[in-house]
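Here's model-v7.csv, which has CSV, C-alpha atoms:
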chain,number,residue,atom,x,y,z
A,1,VAL,CA,20.7,25.4,15.5
A,2,VAL,CA,17.2,26.9,15.3
A,3,PRO,CA,18.0,30.5,14.2
A,4,ASP,CA,15.6,33.4,13.9
A,5,GLY,CA,15.5,36.7,12.1
A,6,PRO,CA,18.9,37.9,10.8
A,7,LEU,CA,20.6,34.8,12.4
A,8,HIS,CA,19.3,32.9,9.4
A,9,ALA,CA,22.1,34.6,7.5
A,10,MET,CA,24.8,33.6,10.0
A,11,PRO,CA,27.4,31.0,9.0
A,12,PHE,CA,27.5,29.4,12.5
A,13,ALA,CA,30.3,27.0,11.5
A,14,ALA,CA,32.6,30.0,11.2
A,15,ILE,CA,31.8,31.5,14.6
A,16,GLY,CA,34.8,31.8,17.0
A,17,HIS,CA,34.7,29.1,19.8
A,18,SER,CA,35.5,31.7,22.5
A,19,SER,CA,36.3,35.3,23.1
A,20,ARG,CA,39.9,34.7,24.0
A,21,ALA,CA,42.3,36.0,21.5
A,22,SER,CA,44.6,33.0,22.0
A,23,ASP,CA,41.8,30.6,21.0
A,24,SER,CA,41.6,30.3,17.2
A,25,ARG,CA,39.1,27.5,17.2
A,26,ILE,CA,35.7,27.9,15.5
A,27,TRP,CA,32.5,25.9,15.8
A,28,LEU,CA,33.4,23.9,12.8
A,29,ASP,CA,36.4,22.4,14.6
A,30,GLN,CA,34.2,20.8,17.2
A,31,PHE,CA,30.7,20.3,15.8
A,32,SER,CA,28.7,19.0,13.0
A,33,ILE,CA,25.9,21.7,12.6
A,34,VAL,CA,22.4,21.0,11.6
A,35,TYR,CA,19.9,23.9,11.1
A,36,SER,CA,16.2,23.8,11.5
A,37,PRO,CA,13.9,26.5,10.1
A,38,SER,CA,11.8,26.3,13.3
A,39,LEU,CA,11.4,24.5,16.5
A,40,ALA,CA,8.1,23.0,15.3
A,41,TYR,CA,9.9,21.5,12.3
A,42,ALA,CA,12.7,20.2,14.4
A,43,ILE,CA,10.3,18.1,16.6
A,44,ALA,CA,7.9,17.1,13.8
A,45,SER,CA,8.1,13.6,12.4
A,46,LYS,CA,8.8,13.3,8.7
A,47,ASP,CA,7.3,10.6,6.4
A,48,LEU,CA,9.1,10.1,3.1
A,49,ASN,CA,6.8,7.3,2.1
A,50,ALA,CA,8.9,4.5,3.6
A,51,SER,CA,7.4,1.8,1.4
A,52,ALA,CA,9.1,3.2,-1.7
A,53,PRO,CA,12.8,2.4,-2.2
A,54,ARG,CA,14.7,5.6,-2.4
A,55,ASN,CA,17.8,4.6,-4.4
A,56,LEU,CA,18.0,7.0,-7.3
A,57,VAL,CA,20.4,10.0,-7.7
A,58,ALA,CA,19.3,12.9,-9.9
A,59,VAL,CA,21.9,15.5,-11.0
A,60,VAL,CA,20.8,18.6,-12.8
A,61,ALA,CA,23.6,20.7,-14.2
A,62,ASP,CA,25.0,23.0,-16.9
A,63,PRO,CA,21.8,24.4,-18.5
A,64,VAL,CA,21.6,26.2,-21.8
A,65,TYR,CA,20.9,29.8,-20.9
A,66,ALA,CA,21.8,31.9,-24.0
A,67,ILE,CA,21.2,31.8,-27.7
A,68,ASP,CA,25.0,32.2,-28.3
A,69,ASP,CA,25.7,29.0,-26.4
A,70,SER,CA,28.1,26.9,-28.6
A,71,ARG,CA,26.0,23.8,-27.9
A,72,LEU,CA,23.2,25.2,-30.1
A,73,GLY,CA,25.5,24.9,-33.1
A,74,ARG,CA,24.6,26.0,-36.6
A,75,GLN,CA,21.1,24.6,-36.7
A,76,VAL,CA,19.6,27.9,-35.5
A,77,SER,CA,18.7,30.1,-38.5
A,78,ALA,CA,19.9,33.7,-38.6
A,79,SER,CA,16.3,35.0,-38.3
A,80,LYS,CA,15.5,32.8,-35.3
A,81,ARG,CA,18.8,33.7,-33.7
A,82,SER,CA,18.1,37.4,-34.1
A,83,LEU,CA,14.6,37.0,-32.6
A,84,LEU,CA,15.8,34.9,-29.7
A,85,THR,CA,18.7,37.3,-29.0
A,86,LEU,CA,16.1,40.0,-28.5
A,87,ARG,CA,14.1,37.7,-26.2
A,88,SER,CA,17.2,36.9,-24.2
A,89,ALA,CA,17.9,40.6,-23.7
A,90,ASP,CA,14.5,41.0,-22.0
A,91,SER,CA,15.1,38.2,-19.5
A,92,THR,CA,17.6,37.6,-16.7
A,93,PRO,CA,21.1,37.4,-18.4
A,94,PHE,CA,22.6,34.2,-17.0
A,95,VAL,CA,26.0,33.0,-18.3
A,96,ARG,CA,26.9,29.4,-18.7
A,97,LEU,CA,28.4,27.6,-15.6
A,98,PRO,CA,31.1,25.5,-17.3
A,99,SER,CA,32.3,24.0,-14.0
A,100,SER,CA,28.8,22.7,-13.2
A,101,ALA,CA,29.4,19.9,-15.8
A,102,VAL,CA,32.5,18.9,-14.0
A,103,GLU,CA,30.6,19.1,-10.7
A,104,ALA,CA,27.9,16.8,-12.1
A,105,ALA,CA,30.5,14.2,-13.2
A,106,GLN,CA,32.1,14.3,-9.7
A,107,VAL,CA,28.8,13.8,-8.0
A,108,ALA,CA,27.9,10.8,-10.2
A,109,ARG,CA,31.2,9.0,-9.6
A,110,TYR,CA,30.3,8.3,-6.0
A,111,PHE,CA,27.1,6.4,-6.8
A,112,ASN,CA,26.2,3.3,-8.8
A,113,PRO,CA,26.0,4.5,-12.4
A,114,GLU,CA,22.8,2.5,-12.9
A,115,ARG,CA,21.1,4.6,-10.3
A,116,VAL,CA,22.2,8.0,-11.5
A,117,VAL,CA,19.9,10.1,-13.6
A,118,GLY,CA,21.9,12.9,-15.2
A,119,LEU,CA,20.1,15.9,-16.7
A,120,SER,CA,22.5,18.4,-18.3
A,121,GLY,CA,22.6,20.8,-21.2
A,122,PHE,CA,19.3,20.7,-23.1
A,123,ASP,CA,18.0,18.0,-20.8
A,124,ALA,CA,18.4,20.3,-17.8
A,125,SER,CA,15.0,21.7,-18.5
A,126,ALA,CA,12.0,22.3,-16.3
A,127,ALA,CA,9.9,19.8,-18.2
A,128,ARG,CA,12.5,17.0,-17.7
A,129,VAL,CA,13.0,17.8,-14.0
A,130,ALA,CA,9.3,17.7,-13.4
A,131,LYS,CA,9.2,14.1,-14.6
A,132,LEU,CA,11.8,12.8,-12.1
A,133,PRO,CA,10.4,10.1,-9.8
A,134,PHE,CA,10.7,12.2,-6.6
A,135,GLU,CA,9.3,9.4,-4.4
A,136,ARG,CA,12.4,7.3,-5.3
A,137,LEU,CA,15.2,9.9,-5.0
A,138,ALA,CA,17.9,9.4,-2.4
A,139,VAL,CA,19.7,12.5,-3.7
A,140,LEU,CA,18.6,15.5,-5.8
A,141,HIS,CA,21.5,17.8,-6.8
A,142,PHE,CA,21.1,21.1,-8.7
A,143,ALA,CA,24.2,22.9,-10.1
A,144,THR,CA,22.5,25.9,-11.7
A,145,HIS,CA,21.8,29.5,-11.3
A,146,ALA,CA,19.3,30.6,-8.6
A,147,VAL,CA,17.6,33.7,-7.5
A,148,ALA,CA,16.2,34.1,-4.0
A,149,ARG,CA,13.3,36.6,-3.6
A,150,SER,CA,12.8,38.1,-0.1
A,151,ASP,CA,9.9,40.2,-1.5
A,152,SER,CA,8.1,37.2,-3.1
A,153,PRO,CA,9.6,33.9,-1.7
A,154,SER,CA,7.3,31.8,-3.8
A,155,LEU,CA,9.1,33.2,-6.9
A,156,SER,CA,12.5,32.2,-5.6
A,157,ALA,CA,13.8,30.0,-8.4
A,158,LEU,CA,16.3,27.6,-9.8
A,159,PHE,CA,17.0,28.6,-13.4
A,160,LEU,CA,17.2,25.8,-16.0
A,161,SER,CA,17.7,25.5,-19.8
A,162,GLU,CA,16.0,28.2,-21.8
A,163,PHE,CA,16.4,26.6,-25.2
A,164,ALA,CA,15.7,23.3,-27.0
A,165,LEU,CA,18.3,21.6,-29.2
A,166,ASN,CA,16.8,23.1,-32.3
A,167,GLY,CA,17.0,26.6,-30.9
A,168,ASP,CA,13.3,27.0,-29.9
A,169,ALA,CA,12.8,28.9,-26.7
A,170,LEU,CA,11.3,26.6,-24.1
A,171,PRO,CA,8.0,27.8,-22.5
A,172,LYS,CA,9.4,27.6,-19.0
A,173,GLY,CA,13.0,28.1,-18.0
A,174,SER,CA,12.9,27.9,-14.2
A,175,LEU,CA,11.5,26.1,-11.2
A,176,THR,CA,10.1,28.4,-8.6
A,177,SER,CA,9.6,27.6,-4.9
A,178,LEU,CA,5.9,27.4,-5.6
A,179,ASP,CA,6.6,24.8,-8.4
A,180,VAL,CA,8.6,22.8,-6.0
A,181,ARG,CA,5.7,22.6,-3.6
A,182,ARG,CA,3.1,21.9,-6.2
A,183,MET,CA,5.1,19.1,-7.8
A,184,GLY,CA,6.0,17.5,-4.5
A,185,MET,CA,9.7,17.7,-5.3
A,186,ARG,CA,11.8,16.0,-2.6
A,187,ALA,CA,14.6,13.6,-1.8
A,188,ASP,CA,16.4,12.2,1.2
A,189,LEU,CA,19.1,14.8,0.4
A,190,VAL,CA,18.6,17.9,-1.7
A,191,VAL,CA,21.7,19.9,-2.6
A,192,LEU,CA,21.2,23.4,-4.1
A,193,SER,CA,24.6,24.2,-5.4
A,194,ALA,CA,23.6,27.6,-6.5
A,195,CYS,CA,24.2,31.2,-5.4
A,196,SER,CA,22.2,32.4,-2.4
A,197,SER,CA,19.9,29.4,-2.7
A,198,GLY,CA,19.3,29.3,1.0
A,199,ASN,CA,17.9,32.8,1.2
A,200,GLY,CA,14.3,34.1,1.0
A,201,GLU,CA,11.8,35.9,3.2
A,202,ARG,CA,12.5,35.6,6.9
A,203,VAL,CA,9.3,34.9,8.8
A,204,ARG,CA,9.4,34.8,12.6
A,205,GLY,CA,8.7,31.4,14.0
A,206,GLU,CA,8.7,29.8,10.5
A,207,GLY,CA,12.2,30.3,9.2
A,208,VAL,CA,13.2,31.4,5.7
A,209,LEU,CA,10.5,31.0,3.1
A,210,GLY,CA,11.9,30.1,-0.3
A,211,LEU,CA,13.5,27.1,-2.0
A,212,THR,CA,14.8,25.3,1.0
A,213,HIS,CA,11.5,25.7,2.9
A,214,SER,CA,9.6,24.1,0.0
A,215,PHE,CA,11.9,21.1,-0.3
A,216,LEU,CA,11.7,20.5,3.5
A,217,ALA,CA,7.9,21.0,3.6
A,218,ASN,CA,7.6,18.3,0.9
A,219,GLY,CA,9.3,15.8,3.2
A,220,SER,CA,13.0,16.0,2.1
A,221,GLY,CA,15.3,14.7,4.8
A,222,ALA,CA,17.9,17.4,4.5
A,223,VAL,CA,18.7,20.4,2.2
A,224,ILE,CA,22.2,21.9,1.6
A,225,ALA,CA,22.1,25.4,0.3
A,226,ALA,CA,24.3,28.6,0.0
A,227,LEU,CA,23.9,31.8,2.0
A,228,TRP,CA,25.6,34.0,-0.6
A,229,PRO,CA,27.0,34.0,-4.2
A,230,VAL,CA,29.7,31.3,-4.7
A,231,GLU,CA,32.2,30.9,-7.5
A,232,ASP,CA,31.6,28.2,-10.0
A,233,ALA,CA,34.9,26.3,-10.1
A,234,SER,CA,35.5,26.4,-6.4
A,235,THR,CA,32.0,25.2,-5.7
A,236,ALA,CA,32.5,22.2,-8.0
A,237,GLN,CA,35.7,21.3,-6.1
A,238,PHE,CA,33.8,21.7,-2.8
A,239,MET,CA,30.9,19.5,-3.9
A,240,ALA,CA,33.4,16.8,-5.0
A,241,GLU,CA,34.8,16.8,-1.5
A,242,PHE,CA,31.4,16.7,0.0
A,243,TYR,CA,30.2,13.7,-1.9
A,244,ARG,CA,33.5,11.9,-1.3
A,245,SER,CA,32.8,12.3,2.4
A,246,TYR,CA,29.1,11.5,2.1
A,247,SER,CA,29.9,8.2,0.4
A,248,GLU,CA,31.9,7.3,3.5
A,249,LEU,CA,30.0,8.9,6.3
A,250,HIS,CA,26.4,8.6,5.0
A,251,SER,CA,25.4,11.7,7.0
A,252,PRO,CA,24.8,15.1,5.3
A,253,ALA,CA,25.9,17.1,8.4
A,254,ASP,CA,29.0,15.1,9.0
A,255,ALA,CA,30.0,15.0,5.3
A,256,LEU,CA,29.4,18.8,5.0
A,257,ARG,CA,31.6,19.4,8.1
A,258,GLN,CA,34.4,17.2,6.7
A,259,ALA,CA,34.3,19.0,3.3
A,260,GLN,CA,34.4,22.3,5.2
A,261,LEU,CA,37.4,21.3,7.3
A,262,THR,CA,39.2,20.2,4.1
A,263,PHE,CA,38.5,23.5,2.4
A,264,ARG,CA,39.3,25.5,5.5
A,265,SER,CA,42.8,24.0,5.4
A,266,LEU,CA,43.4,25.6,2.0
A,267,ALA,CA,43.5,29.0,3.8
A,268,SER,CA,42.5,31.0,0.7
A,269,ALA,CA,39.8,33.8,0.6
A,270,GLN,CA,38.0,32.0,-2.1
A,271,SER,CA,37.9,28.7,-0.3
A,272,LYS,CA,36.4,30.4,2.8
A,273,ASP,CA,33.7,32.0,0.7
A,274,VAL,CA,32.7,28.6,-0.4
A,275,TRP,CA,32.9,26.4,2.7
A,276,ALA,CA,31.3,29.0,5.0
A,277,SER,CA,28.4,29.7,2.7
A,278,PHE,CA,26.9,26.2,2.6
Please rewrite the model in this file as structure tokens.
Amino acid sequence: VVPDGPLHAMPFAAIGHSSRASDSRIWLDQFSIVYSPSLAYAIASKDLNASAPRNLVAVVADPVYAIDDSRLGRQVSASKRSLLTLRSADSTPFVRLPSSAVEAAQVARYFNPERVVGLSGFDASAARVAKLPFERLAVLHFATHAVARSDSPSLSALFLSEFALNGDALPKGSLTSLDVRRMGMRADLVVLSACSSGNGERVRGEGVLGLTHSFLANGSGAVIAALWPVEDASTAQFMAEFYRSYSELHSPADALRQAQLTFRSLASAQSKDVWASF
């Protein structure tokens, strides 16, 4: 599917197969769906530096967002805690994503442990992510908060740990779409398990400018992202199902379809919010 304009926000997998009331089938029942931001991108050849072995899996999850996070413990002095509380009040108030740690563990279980790089908690920082060997990544998975900016797509961002282990505020707590481009962040498969991570500015003929566009422009083979906000625990379950299927099918589109079919069978409103979003 090569959508344009408002169709970029359309979950094509959930579209009815026909206009007949007796036909309850949807596209998901018959097709694995791949989206391309533009026709030019769809026909362009991609070079992921074939000479480099891409066999590493990086999972970034469960960042430390707030000074009252229990992982900071007692090592933060009262005066520093008071100062950082004021600082936190002036920034975007993100809460911890407890299920993202579960999600990270589920992702890792389907790969060789020796090839998995896990960055969680204090290690889920912008500085640590920037040092990942992107030329060797088969999979790059983020389970964090995200904000898509339609007014300024280069500032669409994945939000990472705000604090170090000693309670010091880190100089940078996010990775913007512009950062992704500048650092050449890429992988065979990039999964943005974060709210509305597939959104941004819609540009006719170019697609949606934002996080997904930056990863694809850097040469990533495929990007999975969400069209709207998704619930933490359900998303963790969905991603576990996706990677189980991916370990068997080795195709992002087919694995995503299988995970969506499984979640669709649950027939709950929350499950539909998740499977139709990605």
Quick one: of A:Met10, A:Leu160, A:Val129, A:Val117, who's nearest to A:Pro63, counting only C-alpha atoms?
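Checking each of A:Met10, A:Leu160, A:Val129, A:Val117 against A:Pro63, counting only C-alpha atoms, the winner is A:Leu160.
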From the set A:Val60, A:Ala108, A:Leu178, A:Leu170, which residue has the shortest atom-to-atom contact distance to A:Ala124, counting only C-alpha atoms?
A:Val60
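The closest residue to A:Tyr243, picked from A:Lys131, A:Ser19, A:Gly207, A:Phe111 and counting only C-alpha atoms, is A:Phe111.
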Please provide the set of residues having any atom within 9 Å of stretch 140-146 of chain A, restricted to all atoms listed in the file, with same-chain residues fewer than 2 positions apart removed, written as a ChimeraX atom specification.
/A:56-63,94-97,100-101,103-104,107,134,137-138,148,156-160,174,186-197,236
Nearest-residue call for A:Gln260, choices A:Gly5, A:Ala42, A:Arg115, A:Ile26, using only C-alpha atoms:
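Smallest separation from A:Gln260 among the options: A:Ile26.
Computed from the coordinates, the atom CA of A:Ser152 to atom CA of A:Arg202 distance equals 11.0 Å.
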Considering only C-alpha atoms, return as a ChimeraX atom specification whatever protein or nucleic-acid residues lie within 10 Å of stretch 273-275 of chain A, sequence-local ones (same chain, fewer than 5 positions apart) excluded.
/A:11,13-14,226-232,234-239,256-257,259-264,268
Protein/DNA/RNA residues near (8.5, 27.7, 18.4), cut 9 Å, all atoms listed in the file, as a compact mmCIF listing (two decimals) with C-alpha atoms, in the coordinates of the input:
# COMPACT_ATOMS: atom_id res chain seq x y z
CA SER A 38 11.80 26.30 13.30
CA LEU A 39 11.40 24.50 16.50
CA ALA A 40 8.10 23.00 15.30
CA TYR A 41 9.90 21.50 12.30
CA GLY A 205 8.70 31.40 14.00
CA GLU A 206 8.70 29.80 10.50
